[in-house]
Structure formats: C-alpha cells, structure tokens
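See below for the structure under consideration.
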Amino acid sequence: MTITLKTFANIRDIVGARELTIELPAGARLGDLFEYLTQTFGKNFDRQIRNQITGEMVPFLILVNDVAFRSTQDMEQPLHHGDVVTIMIPFDGG
Amino acid sequence: MSGAVFNYFGYAGKYLRVNLTSGTIADCFLTNTLAEQFVGGVGIAARLLYDEIRPGIDPLGAENKLLFFTGPLEGTMIPTASRIGLYGKSPLTHSFFYSSAGGYFGPELKFAGYDGIMFEGVSSNPVYLFIDNCTAELRDATRFWGMDTNRVQQEIAEDIGSDEVRIAAIGPAAERLVRFACVISGCRALGRGGLGAVMGSKKLKAVAVRGYGSVAVPNVRRMRSLLDELFARFSAHPATSEILPRYGTPVLVNANNELGLLGYRNWQEEYNPQAEGLSGETMRKKIVKRDKSCFACPARCSKFSVVGNGIVEGCTVEGPEYEDIFSLGSMCGHNDIEVVAAAERLCDDVGIDAIEAGVAIAFAMECYERGLISLADTDGLELRFGRADLIVPVIKKIGMREGNLGNLLAEGVKRASEKIGKGSEHFAMQNKGLTFPGHSARGLPGFALGYATGPRGASHHDGRPTGERTGLVQRATIEGKAEYTARINHLMVLLDSMILCHLPEGIWGPLDVTELLVKCITTTTGIDLNLQQTIAAAERIWNVMRAFSVREGYRREHDRLPPRFMEEPIPSGPSRGMMISRQMLDMMLDQYYTFRGWDISTGIPTREKLLSLGLTDIAEDMEKYR
C-alpha cells in the first residue's frame, strides 16, 4: 500500500522532501512506518525521535489523516492505503 | 550590617538594597530559612516582595520595588543555569509579576558576589548601577537617557572601559512608561509584564555588572558526576540535541499550525494558511546566519539573523523567536519573516515586549476592520490584517508613544479595549491585563486552565502546552486537567526558582517536579531536601503569589478567558470546533481550587492550606480578605 508522509524541520532535512510517497506492505502499522524510516535514513533519523540513552521514542504526536496518535502508545495503529501521515516534531514548550 | 551564618553553597548569600531616592546602597543577607523554604529566583522574590510591597500601591510610583534575582544554580555549569529574573508589581496586571531571561547577566551577578539587587524609591535624575566585583555605585546616566537598548549597552561599556561587563538596560519606551516596556540584556529580553516601565519610573537606565568570583558547591566530585549525567541527557534527547540547535523555538510555527493551534488574525482563526512563510524552516533558509548559546547551555537555540532585503535590509537580530513570529507575523495576518525579524529588533531597541506589541497591533487591526476605530484613531493608517508594511512604523509609534495610535496601544490591550469600548473586549485577547502568547487556549484545555489561573495572567510559563501537545495527556478533554495543571504550575515555579530554562522540560519534568531537579538543588546547595519537601516548596511559592494577587483584589471571577475563547469555537483547521465554554472552565476551576485547597467560591487559599505550608503570617493576612 502507498502512504504519503508529510515532514517538518529536521525530519524534512533528513528525508529531503516536504512530502514523501512510501510503499509499505499491506497490513502495516504505525510502528512499521517508523521502522522503515529508521532503516532507510539510519541513525540520523533515529536521533530525531528517540532518546539515545533509553532507546525509547520521546513523546510526540503523529497525525494520520489529521487524527492524532501518540508516539509513546499508538505504534500498533493500522495504516491504510492512501493515508497521509504527519510526524509532528518532538519539541517541548516554546 | 551583618547577617547570621548562612550555611548553603550555590548562593552568593547576599543581595544589594539600592535606595534610589537617597542614593544609599547596602548589603542584605539571605537566611537559611529563606533558601530552604523558597529556593531562589521567583521563590525568594515572591516572599521578599510580599513583605515589602504594600497592597494597592501604584506600580509606577515610588513605593513599588524592583528586584533582580538569580537562583542558586546560576554560575554553575548545570545546563541552562544562565538566567536572571526580574520581579515587581506590574503596571499591566497590577499584581506580582516576574520575567526571566537567559544570556550572561545572571551568572555575572553571581561572580560579582550577589544573588540579587533590590531597587526602591525614585532617583531625581537618570542613573545606572555599576557592580564591580563586590563593590557597587550609582552613576549619573543623564547622557544615556533617551538611548535605545543596543546603543546604551555599548555606551555604558565604554563608560566603564571594559567589554567584560554585562548590562541590563531600558530603552525609550520604558522612559515613556509604556506599560509593556521590557529590559534588555545583551540581546535577551526580560520581556513580559512591563517591569521595564517600573525601571523607567525609577529613572534607572541600566544595571552593569562585572565579576571575577565563582560559585562554590559542597562536593566538586558529586557536581562533576551530576554534570556528566545532565550533559549526557541533553545530548541524548532529540529536543536539545537536534531540534533546538537546528531551528530554535520557531520550529513550533509549522508544528502548532499543523495541529490547528496557531493564533492567526487576532485569534479569529487558529490555522494559518500562510504559516510556511513564517516557519522556522523558511527562517533558517532565508535569514539565519549562525546559532548562539546562553551561558552553560549546549542547546544553542538562539539564532542570529540578518534581513536580506526589503524596507529593513541589513537589519540584524538575535531571533526572532516563536513568540515574535506568532505575534508580529501570524497575528497580524502577514507571512513576511523578514518584517518579523526587523520588527523584533525594533521592539528590543525601543524596549517593548514583542508579544504585547504584536497582539496590540492585531487587536487594533480587528478594531479598525470592524469600524470600532477610525483613521483619526490610527493617525491615518489603514490598519488592516496583512499590512506587513505597517508593523515596523506602528511599533515605533508605540515605543515612542507617538500620536493617538501609539498612546492608545502603549497602554496595553486591556486598557485600550476599555477606552475603545463598543464590544471590543470580546476580542481583547488578554487575561488580567497580560495578552495571550502563541499557544492555543481553545485547543488545549489544561493549558487554558493554566492561562486562566496564572498569577501573571495569560502567561505560557505558568501552565504549559507541552503535555497536551505531545500526547502525554489526552488533549480533547477537561478530565484530570485540574491536577495536571497544578502539577505543571509547581514544575514551572520550581524551575523559575532554581532558575533553569523551561525549554528542556522533557528532561526536567515534563509533568511534575522530579528527583532530577531535587538532585540539582541538593548537589549545588547542600540543602537537605527530598522530593516531597521540594514539591511543598513549589506549592508554597505558588500560594505566596496567589496571596499577593488576592491582596490586589483578584478572585475567582478574574480567573477567566476572553469571551472569544469561551464563545467562538475554532472555526477551521485540524482543531475545528474546539473551545472552552464558561461551563467547562468553571468545572475545571472547581476541581483546581479543590485540589489546591483554595476556597471554591473565591479562589482564596484556605487558612488550613497556608498553615500547612508554614505560611502562618500570610494565613493571618488572608483573613482580612475572606
């Protein structure tokens, strides 16, 4: 299935595009997308989303068709063909 | 004057008391109890000023006091322990207020041998205070009066004959008592609440500090071990190792907008279709030249920018920050990042809070478009949303109090709306006199409660948007938000007492006071505190600030949001339909006061609560207001 990834900031720098079309196997879940991105873009991508001491994803939101899911809890969320996924940059405060 | 033995490390152990009326300067000494119960920064400031500022005084009169104060961590290498706080009664909110800034002034003050400086009275002529390594003198500043904050820092350094001096100064706006005038140190702003105007009212142009001392800690090996841990954590966390260094706070423009939480056109909307033009990504590409860092901070979130073209070509600025982009760009309905950068530089130079300035201009734009003010009120300007060309000229008018428009907006949005009337209070986006910064209230219910109950008014540093925006707590519900907000209050006020920057809150917290913060305090000071005692200290400080507000007349009915946030749902974008109705806010207030042990009908801390926190005198005091 095909999904569209929308990117911001550091993640946009790493993937090199505001939007990216990604092919994932049928039945893929949100966690599979992050695994694909880490395999494709390597440590540099991993450093944007994971605490490098604990290895855990830091808290941030991921929008799937404008519905928010949590990096810390929702990696089993199924994806579907045509989904638009937006990774909100992990950042506190402001 | 000598003090009792002060047992703790980290602190200098004393602060200066400068009477500007008499010109006398004296050392005052910290007590063990003050450090144990109130930590430093805002904690000590709130306690001192509760005792020293009489209720009901004019914030711009001789009776107000102005306190610069650091925390015990400043001057150590603990990451972000760079900050200086400024405290007093605000001419915007008429209650206790504080603002803090990073940079280098705070550590320098500690190196010069002082934790803080209390100013009282009014000088007969402009002066500046020079603290030179444990000595202090007031110097004539008549020839500096009228100078902007950039030039006056250069001139005073020249006057002292040293480029090692750190300076905090006011600009012409503070001299003219613009109610949201700020204080600038280097390029960092002690921005909010108008305490620059208090400094101007006292004819105090600047404070200059030079010090060669150091900060003692109880056990150097233990401190080194803590520093290793902290720097490793900063290095490991995406926010402090990757995102802040690359984009700084402007990264939030696209992030907030994509969630439908970015104020646009005076909060008529919370989704800005032009946001990409104002984004951190665009800013980095177009104007950022290099990254800058505050003392002891590895995050390098500050950006040095140069405007490349247009009416402000060649303008340099440290920033703009997210809040500047929100207020001077998105709120005013344009998408020109270079205009925002130039406008922010001008705000710093004249010495006004860029958030208040931008929100005031946006408010005036809406008033003009709705026909509530005329060309006569705007000095002939067609003040419409999207007029990027008017932002810089209007800031100049505000800063110099020029014309009808400059004088109207220099009073702040609350007073301007009271003067205009005609229903403009519906969209005067302020609480208690302080305007809303760039994080949604309607789309973040817990944060809305933080805005409503904040002792400073609509500050984004009393509550925080982070938990709801990152999914740590459920966003679209009011359930559990009272306790959530109270715990965030405690985290924030403790950070402001230590004093540490809020931006790495994912490391410090993010949802409550943590053992890591306790370790930072105990390792630096030697004060024997556990987690519960530290949380109690934060709660104590929060209650002192609330009691200060109560004395000034604030009650439950003032813990509000603007009618727009309570009556108009977000009209479009990903958060479409969200709002905080009066009923929702009242439910959260009931729960918040109950959790805090405050009277549910008035919002006054109960006697029992105050006594449990050891605030016996304030408990007695509050009886007068029940």
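Residues are named by chain letter and number: chains run A, B, ... in the order of the structure tokens, numbers start at 1 in each chain, and ligands are numbered from 1 in the order shown.
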_Per-residue DSSP, region 28-60 of chain A, filtered to helix (DSSP H, G or I), as a PyMOL selection string_ = chain A and resi 30-49
Exercise. Enumerate the residues of region 55-159 of chain B with a DSSP assignment of strand (DSSP E), computed from the backbone, and present them as a PyMOL selection string.
Key: chain B and resi 66-69+84-89+96-101+116-120+127-132+135-140
Contact check, chain B to chain A, at most 7 Å, counting only C-alpha atoms, closest pairs as CSV:
residue,atom,partner,partner_atom,distance
B:Ala236,CA,A:Gln52,CA,4.5
B:His237,CA,A:Asn51,CA,4.9
B:Pro238,CA,A:Gln48,CA,5.0
B:Ala239,CA,A:Phe91,CA,5.2
B:Glu242,CA,A:Gln48,CA,6.5
B:Ile243,CA,A:Asn10,CA,6.5
B:Thr249,CA,A:Gly94,CA,5.6
B:Val251,CA,A:Ala9,CA,6.6
B:Ala255,CA,A:Met88,CA,5.9
B:Glu281,CA,A:Ala9,CA,5.9
B:Tyr322,CA,A:Gly94,CA,6.8
B:Arg464,CA,A:Gly93,CA,6.6
B:Pro465,CA,A:Gly93,CA,6.3
B:Thr466,CA,A:Gly93,CA,5.3
B:Thr470,CA,A:Phe60,CA,4.2
B:Gly471,CA,A:Arg70,CA,5.4
B:Leu472,CA,A:Pro59,CA,6.6
B:Leu503,CA,A:Gly93,CA,5.6
B:Pro504,CA,A:Asp92,CA,6.8
B:Glu505,CA,A:Asp92,CA,6.4
B:Gly506,CA,A:Asp92,CA,6.4
B:Pro574,CA,A:Asp66,CA,6.3
Neighbours of region 73-84 of chain B within 8 Å (only C-alpha atoms; same-chain residues fewer than 5 positions away dropped), as a ChimeraX atom specification? /B:10-11,41,68,100-108,110-111,214-215,227,230-231,294-298,498-501,520-521,524
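The list of residues with at least one atom within 12 Å of Glu52 (chain B), based on only C-alpha atoms and without residues fewer than 6 positions apart in the same chain, reads Ala45, Ala46, Glu63, Asn64, Lys65, Leu66, Leu67, Gly88, Lys89, Phe96, Met118, Phe119, Glu120 and Phe548 of chain B.
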Residues near Gly31 (chain A), anyone? I mean within 9 Å using only C-alpha atoms, not counting same-chain ones fewer than 2 positions away, as a ChimeraX atom specification.
/A:28-29,33-36,71,74-78
Hey, what's within 12 Å of Pro25 (chain A) if we count only C-alpha atoms and toss same-chain stuff fewer than 5 positions away? As a PyMOL selection string, please? chain A and resi 1-3+30+32-33+36+78-81
Save out the residues we just selected, N, CA, C and O atoms, as an mmCIF file, in the first residue's frame.
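As written to disk, result_30.cif reads:
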data_model
loop_
_atom_site.group_PDB
_atom_site.id
_atom_site.type_symbol
_atom_site.label_atom_id
_atom_site.label_comp_id
_atom_site.auth_asym_id
_atom_site.auth_seq_id
_atom_site.Cartn_x
_atom_site.Cartn_y
_atom_site.Cartn_z
ATOM 1 N N MET A 1 0.850 -1.198 0.000
ATOM 2 C CA MET A 1 0.000 0.000 0.000
ATOM 3 C C MET A 1 0.881 1.242 0.000
ATOM 4 O O MET A 1 2.040 1.203 0.402
ATOM 5 N N THR A 2 0.289 2.338 -0.416
ATOM 6 C CA THR A 2 1.039 3.588 -0.510
ATOM 7 C C THR A 2 0.523 4.572 0.533
ATOM 8 O O THR A 2 -0.694 4.746 0.682
ATOM 9 N N ILE A 3 1.465 5.176 1.239
ATOM 10 C CA ILE A 3 1.066 6.268 2.134
ATOM 11 C C ILE A 3 1.887 7.515 1.776
ATOM 12 O O ILE A 3 2.945 7.416 1.156
ATOM 13 N N LEU A 30 1.640 1.745 12.315
ATOM 14 C CA LEU A 30 2.444 2.955 12.502
ATOM 15 C C LEU A 30 3.890 2.602 12.856
ATOM 16 O O LEU A 30 4.848 3.207 12.355
ATOM 17 N N ASP A 32 5.562 0.088 11.968
ATOM 18 C CA ASP A 32 6.275 -0.379 10.766
ATOM 19 C C ASP A 32 6.790 0.803 9.952
ATOM 20 O O ASP A 32 7.863 0.724 9.344
ATOM 21 N N LEU A 33 6.012 1.869 9.920
ATOM 22 C CA LEU A 33 6.463 3.059 9.190
ATOM 23 C C LEU A 33 7.746 3.608 9.813
ATOM 24 O O LEU A 33 8.709 3.938 9.104
ATOM 25 N N TYR A 36 10.640 1.427 8.985
ATOM 26 C CA TYR A 36 11.061 1.670 7.593
ATOM 27 C C TYR A 36 11.919 2.943 7.515
ATOM 28 O O TYR A 36 12.976 2.966 6.869
ATOM 29 N N PRO A 78 -3.195 0.600 12.868
ATOM 30 C CA PRO A 78 -3.084 0.152 11.465
ATOM 31 C C PRO A 78 -3.063 1.334 10.495
ATOM 32 O O PRO A 78 -3.724 2.344 10.725
ATOM 33 N N LEU A 79 -2.292 1.183 9.439
ATOM 34 C CA LEU A 79 -2.297 2.165 8.360
ATOM 35 C C LEU A 79 -3.050 1.587 7.173
ATOM 36 O O LEU A 79 -3.170 0.363 7.036
ATOM 37 N N HIS A 80 -3.507 2.487 6.322
ATOM 38 C CA HIS A 80 -4.276 2.055 5.153
ATOM 39 C C HIS A 80 -3.767 2.758 3.905
ATOM 40 O O HIS A 80 -3.184 3.848 3.982
ATOM 41 N N HIS A 81 -4.016 2.135 2.796
ATOM 42 C CA HIS A 81 -3.621 2.725 1.515
ATOM 43 C C HIS A 81 -4.196 4.152 1.398
ATOM 44 O O HIS A 81 -5.368 4.377 1.673
#
